[in-house]
Structures are given as structure tokens and as C-alpha cells.
$ cat protein.txt   # compact mmCIF, C-alpha atoms and all ligand atoms
# COMPACT_ATOMS: atom_id res chain seq x y z
CA MET G 1 0.00 0.00 0.00
CA GLN G 2 1.01 3.61 -0.59
CA ILE G 3 0.12 6.53 1.64
CA PHE G 4 -0.21 10.14 0.51
CA LYS G 5 -0.91 13.41 2.21
CA VAL G 6 -3.87 15.08 0.45
CA GLY G 7 -6.17 18.07 0.44
CA GLY G 8 -5.74 21.04 2.72
CA ALA G 9 -2.40 19.95 4.17
CA VAL G 10 -0.72 19.94 0.75
CA ARG G 11 -2.43 23.16 -0.31
CA ASP G 12 -1.53 25.06 2.84
CA ARG G 13 2.07 23.88 2.87
CA LEU G 14 2.49 25.17 -0.70
CA LEU G 15 0.85 28.44 0.34
CA GLY G 16 3.24 28.72 3.26
CA LYS G 17 0.32 28.60 5.68
CA PRO G 18 0.30 26.65 8.92
CA VAL G 19 -1.07 23.14 8.51
CA THR G 20 -3.40 22.11 11.30
CA ASP G 21 -5.06 18.86 10.37
CA ILE G 22 -3.69 16.39 7.89
CA ASP G 23 -5.81 14.15 5.68
CA TRP G 24 -4.25 11.02 4.22
CA VAL G 25 -5.28 8.75 1.39
CA VAL G 26 -4.27 5.13 1.15
CA VAL G 27 -3.88 3.52 -2.27
CA GLY G 28 -3.73 -0.24 -2.84
CA ALA G 29 -5.07 -1.42 0.50
CA THR G 30 -8.14 -3.22 1.73
CA THR G 31 -10.15 -2.58 4.87
CA GLU G 32 -8.84 -5.86 6.29
CA GLU G 33 -5.22 -4.78 5.79
CA MET G 34 -5.91 -1.47 7.52
CA LEU G 35 -7.53 -3.17 10.50
CA ALA G 36 -4.66 -5.65 10.68
CA GLN G 37 -2.25 -2.70 11.03
CA GLY G 38 -4.19 -1.31 13.97
CA TYR G 39 -6.13 1.49 12.22
CA ARG G 40 -9.52 2.14 13.80
CA PRO G 41 -12.52 2.35 11.45
CA VAL G 42 -14.65 5.52 11.75
CA GLY G 43 -16.46 6.13 8.46
CA ALA G 44 -20.08 5.06 8.48
CA ASP G 45 -20.48 5.71 4.74
CA PHE G 46 -17.06 5.03 3.32
CA PRO G 47 -13.81 3.48 4.53
CA VAL G 48 -12.03 6.03 6.72
CA PHE G 49 -9.71 5.05 9.56
CA LEU G 50 -7.91 6.74 12.40
CA HIS G 51 -4.21 6.16 12.80
CA PRO G 52 -3.58 4.10 15.96
CA LYS G 53 -1.08 6.69 17.29
CA SER G 54 -1.58 10.11 15.64
CA GLY G 55 -5.37 9.87 15.41
CA GLU G 56 -5.21 11.43 11.93
CA GLU G 57 -7.65 10.43 9.19
CA TYR G 58 -6.69 7.87 6.61
CA ALA G 59 -9.19 7.23 3.81
CA LEU G 60 -8.98 4.43 1.30
CA ALA G 61 -8.77 5.81 -2.24
CA ARG G 62 -12.28 5.81 -3.66
CA THR G 63 -14.41 6.89 -6.58
CA GLU G 64 -17.87 8.35 -6.23
CA ARG G 65 -20.96 8.36 -8.36
CA LYS G 66 -24.12 10.29 -7.94
CA SER G 67 -27.23 8.18 -7.71
CA GLY G 68 -29.90 10.54 -6.44
CA ARG G 69 -30.63 13.87 -4.82
CA GLY G 70 -28.56 15.26 -1.97
CA TYR G 71 -25.63 13.75 -0.19
CA GLY G 72 -27.38 10.48 0.58
CA GLY G 73 -27.60 9.95 -3.15
CA PHE G 74 -23.95 9.04 -3.53
CA THR G 75 -22.44 5.64 -4.11
CA PHE G 76 -18.83 5.04 -3.20
CA HIS G 77 -16.44 2.55 -4.59
CA ALA G 78 -13.27 1.82 -2.66
CA SER G 79 -10.92 -0.95 -3.67
CA PRO G 80 -7.17 -1.55 -3.94
CA GLU G 81 -7.47 -0.91 -7.70
CA VAL G 82 -8.60 2.71 -7.34
CA THR G 83 -5.68 4.93 -8.34
CA LEU G 84 -4.53 8.14 -6.73
CA GLU G 85 -5.62 10.13 -9.82
CA GLU G 86 -9.09 8.58 -9.65
CA ASP G 87 -9.38 9.56 -6.02
CA LEU G 88 -8.19 13.12 -6.67
CA ILE G 89 -10.65 13.77 -9.51
CA ARG G 90 -13.66 13.48 -7.20
CA ARG G 91 -12.40 16.41 -5.11
CA ASP G 92 -13.87 19.89 -5.28
CA LEU G 93 -11.11 22.33 -6.24
CA THR G 94 -7.86 21.83 -8.12
CA ILE G 95 -5.93 23.36 -5.21
CA ASN G 96 -7.49 20.70 -2.97
CA ALA G 97 -6.76 17.86 -5.39
CA MET G 98 -3.02 17.49 -4.94
CA ALA G 99 -1.22 14.69 -3.14
CA GLU G 100 2.24 14.34 -1.70
CA ASP G 101 4.29 11.30 -0.71
CA ASP G 102 6.63 11.18 2.27
CA GLN G 103 9.42 12.70 0.12
CA GLN G 104 7.19 15.70 -0.70
CA ASN G 105 6.88 14.53 -4.32
CA LEU G 106 3.77 16.19 -5.65
CA THR G 107 1.05 14.40 -7.62
CA ASP G 108 -0.91 17.15 -9.31
CA PRO G 109 -2.85 15.81 -12.32
CA TYR G 110 -5.37 18.68 -12.33
CA HIS G 111 -2.88 21.56 -12.12
CA GLY G 112 -3.61 22.68 -8.62
CA GLN G 113 -0.18 24.19 -8.23
CA ARG G 114 -0.70 26.38 -11.29
CA ASP G 115 -4.05 27.58 -9.94
CA LEU G 116 -2.44 28.17 -6.57
CA GLU G 117 0.12 30.44 -8.20
CA ASP G 118 -2.57 32.15 -10.29
CA ARG G 119 -4.76 32.55 -7.19
CA ILE G 120 -7.72 30.74 -8.77
CA LEU G 121 -10.37 28.59 -7.17
CA ARG G 122 -11.28 26.19 -9.96
CA HIS G 123 -13.35 23.01 -9.92
CA VAL G 124 -11.59 19.77 -10.82
CA SER G 125 -14.17 18.18 -13.10
CA PRO G 126 -17.83 18.49 -14.14
CA ALA G 127 -18.59 16.03 -11.33
CA PHE G 128 -18.29 19.11 -9.12
CA ALA G 129 -22.00 19.62 -9.73
CA GLU G 130 -22.84 16.35 -7.99
CA ASP G 131 -22.60 17.76 -4.48
CA PRO G 132 -24.30 21.11 -3.83
CA LEU G 133 -22.30 21.57 -0.62
CA ARG G 134 -19.38 22.49 -2.85
CA VAL G 135 -21.07 25.80 -3.64
CA LEU G 136 -20.70 26.70 0.03
CA ARG G 137 -17.21 25.25 0.26
CA VAL G 138 -15.93 27.31 -2.65
CA ALA G 139 -17.48 30.46 -1.18
CA ARG G 140 -15.82 29.58 2.14
CA PHE G 141 -12.40 29.12 0.54
CA ALA G 142 -12.92 32.43 -1.28
CA ALA G 143 -13.54 34.07 2.12
CA ARG G 144 -10.44 32.45 3.56
CA TYR G 145 -8.02 33.24 0.75
CA ALA G 146 -9.42 36.56 -0.54
CA GLY G 147 -6.62 38.31 1.32
CA LEU G 148 -4.10 36.39 -0.79
CA GLY G 149 -5.85 37.52 -3.96
CA PHE G 150 -7.83 34.37 -4.77
CA THR G 151 -10.98 34.59 -6.86
CA VAL G 152 -13.42 32.01 -8.19
CA ALA G 153 -12.82 30.94 -11.81
CA PRO G 154 -15.64 32.17 -14.08
CA GLU G 155 -16.43 28.65 -15.26
CA THR G 156 -16.65 27.44 -11.66
CA LEU G 157 -18.95 30.30 -10.76
CA GLU G 158 -21.08 29.32 -13.74
CA LEU G 159 -21.35 25.74 -12.44
CA MET G 160 -22.23 27.10 -9.01
CA ARG G 161 -24.94 29.18 -10.66
CA GLN G 162 -26.37 26.14 -12.41
CA LEU G 163 -26.36 24.22 -9.13
CA SER G 164 -28.13 27.09 -7.39
CA ASP G 165 -30.77 27.34 -10.12
CA SER G 166 -31.34 23.58 -10.21
CA GLY G 167 -32.92 23.34 -6.76
CA GLU G 168 -30.16 21.00 -5.56
CA LEU G 169 -29.13 23.39 -2.77
CA GLU G 170 -32.45 22.71 -1.10
CA ALA G 171 -31.44 19.08 -0.68
CA LEU G 172 -28.64 20.07 1.73
CA THR G 173 -29.27 19.20 5.35
CA ALA G 174 -29.28 21.96 7.94
CA GLU G 175 -26.28 20.37 9.65
CA ARG G 176 -24.03 20.28 6.59
CA SER G 177 -24.98 23.82 5.60
CA TRP G 178 -24.48 25.25 9.09
CA LYS G 179 -21.07 23.66 9.36
CA GLU G 180 -19.95 25.47 6.22
CA ILE G 181 -21.70 28.74 7.10
CA SER G 182 -20.30 28.88 10.62
CA ARG G 183 -16.78 28.07 9.42
CA ALA G 184 -17.06 30.63 6.63
CA LEU G 185 -18.17 33.35 9.03
CA MET G 186 -15.04 32.71 11.09
CA GLU G 187 -12.73 33.20 8.09
CA ASP G 188 -10.71 36.39 7.55
CA GLN G 189 -13.16 37.92 5.09
CA PRO G 190 -16.61 36.48 5.78
CA GLN G 191 -18.22 39.17 3.64
CA VAL G 192 -16.62 37.50 0.62
CA PHE G 193 -18.49 34.29 1.48
CA ILE G 194 -21.81 36.13 1.27
CA GLN G 195 -20.74 38.04 -1.84
CA VAL G 196 -19.74 34.87 -3.70
CA LEU G 197 -22.99 33.15 -2.71
CA ARG G 198 -24.81 36.16 -4.04
CA ASP G 199 -22.81 36.22 -7.28
CA CYS G 200 -23.82 32.65 -8.11
CA GLY G 201 -27.44 32.96 -7.04
CA ALA G 202 -27.05 30.70 -4.01
CA LEU G 203 -27.80 33.43 -1.49
CA LYS G 204 -31.26 33.86 -2.99
CA VAL G 205 -31.91 30.19 -2.30
CA LEU G 206 -30.17 29.77 1.06
CA MET G 207 -30.93 33.12 2.69
CA PRO G 208 -33.42 35.05 0.55
CA GLU G 209 -33.87 37.38 3.54
CA VAL G 210 -30.25 38.54 3.24
CA ASP G 211 -30.33 38.60 -0.55
CA ALA G 212 -33.36 40.91 -0.40
CA LEU G 213 -31.29 43.62 1.32
CA PHE G 214 -29.35 44.37 -1.85
CA GLY G 215 -30.91 47.26 -3.70
CA VAL G 216 -32.73 48.54 -0.62
CA PRO G 217 -31.68 52.15 0.15
CA GLN G 218 -31.11 53.72 3.55
CA PRO G 219 -30.85 57.44 4.35
CA GLU G 220 -27.54 58.75 3.06
CA ALA G 221 -26.98 60.97 6.10
CA HIS G 222 -26.57 57.95 8.39
CA HIS G 223 -25.51 55.45 5.75
CA PRO G 224 -23.21 56.96 3.12
CA GLU G 225 -23.05 53.52 1.45
CA ILE G 226 -26.87 53.73 1.03
CA ASP G 227 -27.43 50.08 -0.01
CA THR G 228 -28.49 47.84 2.88
CA GLY G 229 -26.82 44.79 1.36
CA LEU G 230 -23.49 46.58 1.05
CA HIS G 231 -23.89 47.82 4.61
CA THR G 232 -24.44 44.26 5.83
CA LEU G 233 -21.28 43.11 4.05
CA SER G 234 -19.31 45.94 5.68
CA VAL G 235 -20.64 45.11 9.14
CA LEU G 236 -19.55 41.53 8.63
CA GLU G 237 -16.15 42.73 7.43
CA GLN G 238 -15.72 44.84 10.56
CA SER G 239 -16.71 41.92 12.77
CA ALA G 240 -13.84 39.92 11.31
CA LEU G 241 -11.37 42.82 11.51
CA TYR G 242 -12.22 43.03 15.20
CA LYS G 243 -11.93 39.25 15.60
CA GLN G 244 -15.43 38.82 16.96
CA PRO G 245 -16.79 35.38 17.89
CA LEU G 246 -19.31 33.47 15.77
CA THR G 247 -22.33 34.68 17.76
CA VAL G 248 -21.47 38.30 16.99
CA ARG G 249 -20.71 37.67 13.32
CA TRP G 250 -23.98 35.80 12.88
CA ALA G 251 -25.89 38.63 14.56
CA CYS G 252 -24.11 41.14 12.31
CA LEU G 253 -25.26 39.28 9.22
CA LEU G 254 -28.89 39.23 10.29
CA HIS G 255 -29.36 42.47 12.21
CA ASP G 256 -31.11 44.46 9.47
CA LEU G 257 -33.29 41.81 7.82
CA GLY G 258 -36.40 43.85 8.56
CA LYS G 259 -35.24 46.47 6.06
CA GLY G 260 -35.92 44.00 3.28
CA LEU G 261 -39.62 44.13 4.16
CA THR G 262 -40.06 47.91 4.10
CA PRO G 263 -42.65 48.96 1.48
CA GLU G 264 -40.88 50.85 -1.30
CA GLU G 265 -42.96 53.99 -0.77
CA GLN G 266 -41.36 54.33 2.69
CA TRP G 267 -37.77 54.12 1.40
CA PRO G 268 -35.19 55.17 2.44
CA ARG G 269 -36.73 55.13 5.92
CA HIS G 270 -37.27 51.84 7.73
CA ILE G 271 -39.79 52.39 10.45
CA ALA G 272 -39.81 49.60 13.06
CA HIS G 273 -37.49 47.38 11.03
CA GLU G 274 -36.17 46.05 14.35
CA HIS G 275 -39.53 44.39 14.93
CA THR G 276 -40.46 43.36 11.43
CA GLY G 277 -37.08 41.64 11.12
CA LEU G 278 -37.50 39.33 14.10
CA LYS G 279 -39.54 36.67 12.34
CA LEU G 280 -37.07 36.65 9.47
CA ILE G 281 -34.11 36.26 11.83
CA LYS G 282 -35.92 33.40 13.50
CA ALA G 283 -36.69 31.75 10.18
CA VAL G 284 -33.06 31.87 9.04
CA CYS G 285 -31.84 30.51 12.38
CA GLU G 286 -34.32 27.66 12.26
CA ARG G 287 -33.55 26.83 8.65
CA PHE G 288 -29.94 26.09 9.56
CA LYS G 289 -30.57 24.96 13.12
CA ALA G 290 -28.18 27.64 14.33
CA PRO G 291 -27.06 26.97 17.91
CA LYS G 292 -29.08 28.59 20.66
CA ASP G 293 -26.49 31.25 21.54
CA CYS G 294 -26.28 32.37 17.91
CA GLN G 295 -30.05 32.56 17.55
CA GLU G 296 -30.50 34.40 20.86
CA LEU G 297 -27.91 37.06 20.15
CA ALA G 298 -29.14 37.59 16.58
CA LEU G 299 -32.68 38.21 17.83
CA LEU G 300 -31.54 40.55 20.59
CA VAL G 301 -29.27 42.52 18.27
CA GLY G 302 -32.05 42.66 15.69
CA GLN G 303 -34.53 43.98 18.22
CA TYR G 304 -32.32 46.40 20.15
CA HIS G 305 -29.49 47.66 17.93
CA THR G 306 -31.05 51.08 17.48
CA HIS G 307 -31.41 51.33 21.27
CA CYS G 308 -27.67 50.87 21.51
CA HIS G 309 -26.98 53.53 18.89
CA ARG G 310 -29.19 55.95 20.82
CA ALA G 311 -27.88 54.83 24.21
CA LEU G 312 -26.82 58.29 25.34
CA GLU G 313 -30.31 59.67 24.77
CA LEU G 314 -32.23 56.86 26.48
CA LYS G 315 -34.19 57.63 29.63
CA ALA G 316 -33.05 55.79 32.75
CA SER G 317 -36.25 53.73 32.68
CA THR G 318 -35.58 52.67 29.07
CA LEU G 319 -32.02 51.78 29.97
CA LEU G 320 -33.34 49.64 32.78
CA GLU G 321 -35.79 47.85 30.47
CA LEU G 322 -32.97 47.19 28.04
CA LEU G 323 -30.78 45.70 30.76
CA GLN G 324 -33.68 43.59 32.02
CA SER G 325 -34.41 42.28 28.52
CA PHE G 326 -30.86 41.05 28.36
CA ASP G 327 -30.95 39.59 31.87
CA VAL G 328 -27.65 41.38 32.22
CA TYR G 329 -27.36 40.39 35.88
CA ARG G 330 -27.01 36.73 35.05
CA ARG G 331 -25.77 37.01 31.45
CA PRO G 332 -23.19 39.85 31.37
CA GLN G 333 -21.25 38.24 28.54
CA ARG G 334 -24.24 38.21 26.22
CA PHE G 335 -24.78 41.93 26.80
CA GLU G 336 -21.14 42.56 25.97
CA GLU G 337 -21.58 40.65 22.70
CA PHE G 338 -24.65 42.75 21.95
CA ILE G 339 -22.67 45.95 22.47
CA VAL G 340 -19.83 44.93 20.18
CA ALA G 341 -22.24 43.73 17.50
CA CYS G 342 -23.84 47.19 17.55
CA GLU G 343 -20.42 48.79 17.39
CA MET G 344 -19.67 46.70 14.28
CA ASP G 345 -22.98 47.92 12.83
CA ALA G 346 -21.90 51.53 13.41
CA ARG G 347 -18.46 50.90 11.92
CA GLY G 348 -19.87 49.07 8.90
CA ARG G 349 -20.72 52.36 7.24
CA LYS G 350 -18.80 53.84 4.36
CA GLY G 351 -16.24 56.35 5.58
CA LEU G 352 -17.30 56.01 9.22
CA GLU G 353 -15.26 52.90 10.03
CA GLN G 354 -12.91 54.77 12.36
CA ARG G 355 -15.45 56.94 14.11
CA SER G 356 -15.50 56.46 17.87
CA TYR G 357 -18.50 54.71 19.38
CA PRO G 358 -18.96 56.12 22.90
CA GLN G 359 -22.28 54.28 23.21
CA ALA G 360 -20.34 51.09 23.92
CA ASP G 361 -18.60 52.27 27.08
CA TYR G 362 -21.65 54.20 28.14
CA LEU G 363 -23.76 51.02 28.10
CA ARG G 364 -21.01 49.04 29.82
CA GLY G 365 -21.06 51.64 32.58
CA ALA G 366 -24.84 51.52 32.83
CA ALA G 367 -24.78 47.73 33.14
CA LYS G 368 -22.14 47.99 35.83
CA ALA G 369 -24.16 50.56 37.78
CA ALA G 370 -27.27 48.40 37.68
CA ARG G 371 -25.40 45.24 38.58
CA GLU G 372 -23.75 46.88 41.57
CA VAL G 373 -27.08 47.39 43.30
CA ALA G 374 -26.84 44.99 46.21
CA VAL G 375 -29.69 42.69 47.24
CA GLN G 376 -28.54 42.22 50.83
CA PRO G 377 -29.74 45.59 52.23
CA LEU G 378 -33.17 44.98 50.71
CA LEU G 379 -33.35 41.54 52.27
CA GLU G 380 -32.41 43.09 55.59
CA LYS G 381 -35.26 45.53 55.19
CA GLY G 382 -37.54 42.49 54.96
CA PHE G 383 -38.43 42.51 51.26
CA LYS G 384 -39.19 39.13 49.74
CA GLY G 385 -40.84 37.54 46.71
CA PRO G 386 -42.29 39.88 44.09
CA GLU G 387 -41.82 42.85 46.41
CA LEU G 388 -38.12 42.20 46.53
CA GLY G 389 -38.09 42.23 42.75
CA GLU G 390 -39.89 45.56 42.68
CA ALA G 391 -37.58 47.08 45.28
CA LEU G 392 -34.54 45.89 43.37
CA LYS G 393 -35.92 47.47 40.22
CA ARG G 394 -36.48 50.80 42.01
CA GLU G 395 -32.92 50.80 43.34
CA ARG G 396 -31.50 49.95 39.94
CA LEU G 397 -33.52 52.76 38.36
CA LYS G 398 -32.12 55.14 40.96
CA ALA G 399 -28.60 53.95 40.22
CA LEU G 400 -29.14 54.43 36.48
CA LYS G 401 -30.49 57.96 37.01
CA ALA G 402 -27.40 58.80 39.03
CA TYR G 403 -25.19 57.21 36.37
CA LYS G 404 -26.89 59.19 33.63
CA ASP G 405 -26.60 62.46 35.54
CA ALA G 406 -22.92 61.86 36.27
CA ALA G 407 -22.25 61.02 32.62
CA SER G 408 -23.90 64.17 31.29
CA ALA G 409 -22.39 66.45 33.95
P1 LIG L 501 -9.57 22.83 5.79
O1 LIG L 501 -8.32 23.62 5.90
O2 LIG L 501 -10.80 23.68 5.88
O3 LIG L 501 -9.60 21.59 6.60
P2 LIG L 501 -9.49 21.01 3.60
O4 LIG L 501 -9.24 21.24 2.15
O5 LIG L 501 -8.53 20.12 4.33
O6 LIG L 501 -9.59 22.44 4.25
P3 LIG L 501 -11.54 19.18 4.44
O7 LIG L 501 -12.98 19.46 4.63
O8 LIG L 501 -10.69 18.79 5.58
O9 LIG L 501 -10.97 20.47 3.72
O10 LIG L 501 -11.46 18.08 3.31
C1 LIG L 501 -10.24 17.48 2.92
C2 LIG L 501 -10.22 17.30 1.40
O11 LIG L 501 -11.30 16.47 1.00
C3 LIG L 501 -10.41 18.58 0.63
O12 LIG L 501 -9.21 19.26 0.41
C4 LIG L 501 -11.01 18.09 -0.66
O13 LIG L 501 -10.02 17.56 -1.48
C5 LIG L 501 -11.87 16.92 -0.22
N1 LIG L 501 -13.28 17.27 0.06
C6 LIG L 501 -13.85 17.50 1.26
N2 LIG L 501 -15.17 17.73 1.14
C7 LIG L 501 -15.44 17.65 -0.17
C8 LIG L 501 -16.65 17.78 -0.95
N3 LIG L 501 -17.82 18.06 -0.39
N4 LIG L 501 -16.54 17.60 -2.27
C9 LIG L 501 -15.35 17.31 -2.85
N5 LIG L 501 -14.22 17.18 -2.20
C10 LIG L 501 -14.24 17.35 -0.86
MG MG L 502 -8.70 19.32 6.26
$ encode --input "protein.txt" --output "C-alpha cells"
Amino acid sequence: MQIFKVGGAVRDRLLGKPVTDIDWVVVGATTEEMLAQGYRPVGADFPVFLHPKSGEEYALARTERKSGRGYGGFTFHASPEVTLEEDLIRRDLTINAMAEDDQQNLTDPYHGQRDLEDRILRHVSPAFAEDPLRVLRVARFAARYAGLGFTVAPETLELMRQLSDSGELEALTAERSWKEISRALMEDQPQVFIQVLRDCGALKVLMPEVDALFGVPQPEAHHPEIDTGLHTLSVLEQSALYKQPLTVRWACLLHDLGKGLTPEEQWPRHIAHEHTGLKLIKAVCERFKAPKDCQELALLVGQYHTHCHRALELKASTLLELLQSFDVYRRPQRFEEFIVACEMDARGRKGLEQRSYPQADYLRGAAKAAREVAVQPLLEKGFKGPELGEALKRERLKALKAYKDAASA
């Protein structure tokens, strides 16, 4: 049997990028031989093994054929006769279809190295169209390598467009899609992920609510970029520049969905878009079974981002309601994520990226003031049950009034 390093490890070594996980392919072996050497089987669908010591993945070389809709509709053929070239041709991109032996001799039948040098993301063969997940993968790689100058080859984008138009994207499971989406949002330029999906028509299918934002104007005085879609891309871009976690990036993507529902005669104003957007945010989260923390933050940011922007003008009682809605006493971290998401929203405006955002520290201070109200003295005064809750609220309101006065003095 022969063993080769494949996929991302080869690509990233040639790019001079750190290699984190290594995928291996084994040519000329049977499952029995692998087991005899101590490899542990893991693949439910096709023969993949874990190395007894390193724990890295070793897959038997295989060919694939499409036999129906979606990922379930694949048949695999692994045998000792399958060659390295046959295994590589089923891969998505040429830059991912190179293999290397232990002497670093490259096997590159589909010219991945050339495309790597030319900074091109190009599909390996027409079989690319057999798995719609590849549309998301290519967009994700575009987001990751945009900084190095990579773009999607026109003919690959065309195939992605055909896939998007064919209805195949709808056959993707929520789990497979979310895995790609969440990884893509954590890349260096997540806005490129959304842009590429839009360019090939996949965004319209996957997240029509986000796609609908393009072409929707906002008032130029607040939003020099005008277009709500472009604004959303910029907010996402800022969230990556500021190294925000997934929850924040996801909330950034969805915060303005309500603006896609505004009747045209009301443009460029978007009255109550914070509320109209909530059901759309929920729908997108449910479609991809986004984790609870992502869904929660997206809804809160959607509902309250304008509160944050107007923080300095809010009455103490409104501040208190805001803090209560966030349950800031038990969930301080979530409130912090809300604040930074709103800051990204403010920075995601053309020409205003560097403007200071005093609302952030102001709200942090307000949260601190409210949280510092101690329960003990109220207990000592004999308050309990609902009355204790009311008393606590009164004290917090007092603290917020004092905070507000001190801040404006
Ligand atoms: P990463 O750095 O994100 O791990 P990777 O290229 O190693 O990138 P993996 O998802 O680990 O990506 O997959 C390993 C290899 O398997 C890829 O490089 C590619 O050759 C192939 N591959 C994975 N998923 C697919 C797919 N859906 N269609 C075609 N080829 C795929
Ligand atoms: Mg990998």
C-alpha cells in the first residue's frame, strides 16, 4: 500500500500557511489490511480510519458516483485498484486535489499548483455539480483566501450558478450547511463568502432574507453607502477585523433583515425594522438549526441595535428595560456581545469605520451601575418575593439615574 498526504495539508504547505489537520489517502489497500495494522474504522459511509497513534484520518482511495438527490444519493467505490488520480478527480477544487508522498513529491494531475500560483479557485471536473455543498465550500475558501488575492474561476462560478438554479441546494441538510456557514463566518473575510454566494445565485436560495437587502436604500446621512446589502457586508467585514466570535458575526449578518420588508414607498426610511425583522431572523436561524447562543444574540441585536446607537439619549427607565431584557445580571457576557455587534454595525458604514463609538462604554457603565445594586440591604429591610423584585428594580432605576446624571455632567 502507498500513503499520501492530500487536500488542505498539501495546499496550505504550498501556500506557506500553517497546517493544522492532515488528511491522508491510502492507495492499494483493503479494509482488512488497515484493520490488521491497527487502524480504527470511523467512516459510516465510506472506509475512513484513524491512525492508531496520531489519530489522523486515513481514507482508502475511492471513486464516487451520484445516484440521487442530496448527499445520501452518492455511491462510493473503494478498492485496492482505485488509483490516486481517480481519487483526486472526485475532489472539489484543483488546489485541494493534490497529493504528496513522504518525500514531498507532488502528484498534481489537475494543475492545482498552477491555480495556486494564479490565485484561482477552480473546480476539478464536471462532477463538481454532484454535491451542492461544494457551492458553500468554494465560497468559504474564497472568504479564507481573498486576502491572498484568490478569486473564483468564471467557469466554476457558472457551475455554481447552475447548481443554485437547479434546486439542488435545497437538498442540503441543515447540519451540513451550518457547518460550512459557521466556518465561513469565522474566516478572515466572511463578507466574501456572502458576496460569492450572491454572485452565483445561491444566497437567494439559502438566505433570501439577506439577498433581499441588496438594492434597498437607507438614508444617506446615516448610511453613506446607502445600499443595505453593502452595509451588511461591511458590518460583517468589521466583525472579522475586530476578531469577533461566531455569535457576533452571525448577529451582524442578520441584524437588518427587517429592512428587506419595508414597502418601497417608505424608502429610504425603515420604520420599526427592528420588529419586522424578528420573524425573518428566527426563520433563518431555524432553517440552519443555528445553535441557541447564535439565535438568541441575533434576535436581541435585531430587536435592540437602534437602542444601543441611541444609548446616550435613552431615559433611565428605558435603559433599565434594556438591561432587564438582556438579563444582564445573570448574562453579562451576552450583553457585551450585543454591544460589540452594535459597534460593528456603526463601523460598517462607508467612511465612518474609524469613528469612535462612545455608546459602547456608556452602556457598559450603565450595566455595571445596575449590577452593583446589592440585594442584601433589601433583604435586611424584609423585602421578599415579588416585592423584593420591585424594590430591586427601584434601586436599579435610581442607580441608572445617578449614572446618567454623572455622565452628562
Ligand atoms: P480545511 O483547511 O478547511 O480543513 P481542507 O481542504 O482540508 O480544508 P476538508 O474538509 O478537511 O478540507 O477536506 C479534505 C479534502 O477532501 C479537501 O481538500 C477536498 O479535497 C476533499 N473534500 C472534502 N469535502 C469535499 C466535498 N464536499 N466535495 C469534494 N471534495 C471534498
Ligand atoms: Mg482538512
$ atom_distance --input "protein.txt" --atom1 "CA of Tyr304 in chain G" --atom2 "CA of Thr232 in chain G"
16.5 Å
$ residues_near_ligand --input "protein.txt" --ligand "ligand LIG 501 (chain L)" --cutoff "7 Å" --atoms "all atoms listed in the file" --output "ChimeraX atom specification"
/G:6-9,21,23,90-93,96-97,131,133-134
$ atom_distance --input "protein.txt" --atom1 "CA of Leu241 in chain G" --atom2 "CA of Val192 in chain G"
13.2 Å
$ residues_around --input "protein.txt" --residues "Leu261 in chain G" --least-positions-apart "3" --cutoff "10 Å" --atoms "all atoms listed in the file" --output "compact mmCIF listing (two decimals) with C-alpha atoms, keeping the file's coordinate frame"
# COMPACT_ATOMS: atom_id res chain seq x y z
CA GLU G 209 -33.87 37.38 3.54
CA ALA G 212 -33.36 40.91 -0.40
CA LEU G 213 -31.29 43.62 1.32
CA VAL G 216 -32.73 48.54 -0.62
CA LEU G 257 -33.29 41.81 7.82
CA GLY G 258 -36.40 43.85 8.56
CA GLU G 264 -40.88 50.85 -1.30
CA HIS G 270 -37.27 51.84 7.73
CA HIS G 273 -37.49 47.38 11.03
CA THR G 276 -40.46 43.36 11.43
CA GLY G 277 -37.08 41.64 11.12
CA LEU G 280 -37.07 36.65 9.47
$ residues_around --input "protein.txt" --residues "range 352-358 of chain G" --least-positions-apart "6" --cutoff "9 Å" --atoms "all atoms listed in the file" --output "PyMOL selection string"
chain G and resi 223-224+238+309+312+343-344+346
$ residues_around --input "protein.txt" --residues "Glu220 in chain G" --least-positions-apart "6" --cutoff "12 Å" --atoms "all atoms listed in the file" --output "JSON, numbers by chain"
{"G": [226, 227, 228, 231, 267, 268, 269, 349, 350, 351]}
$ atom_distance --input "protein.txt" --atom1 "CA of Cys200 in chain G" --atom2 "CA of Leu157 in chain G"
6.0 Å
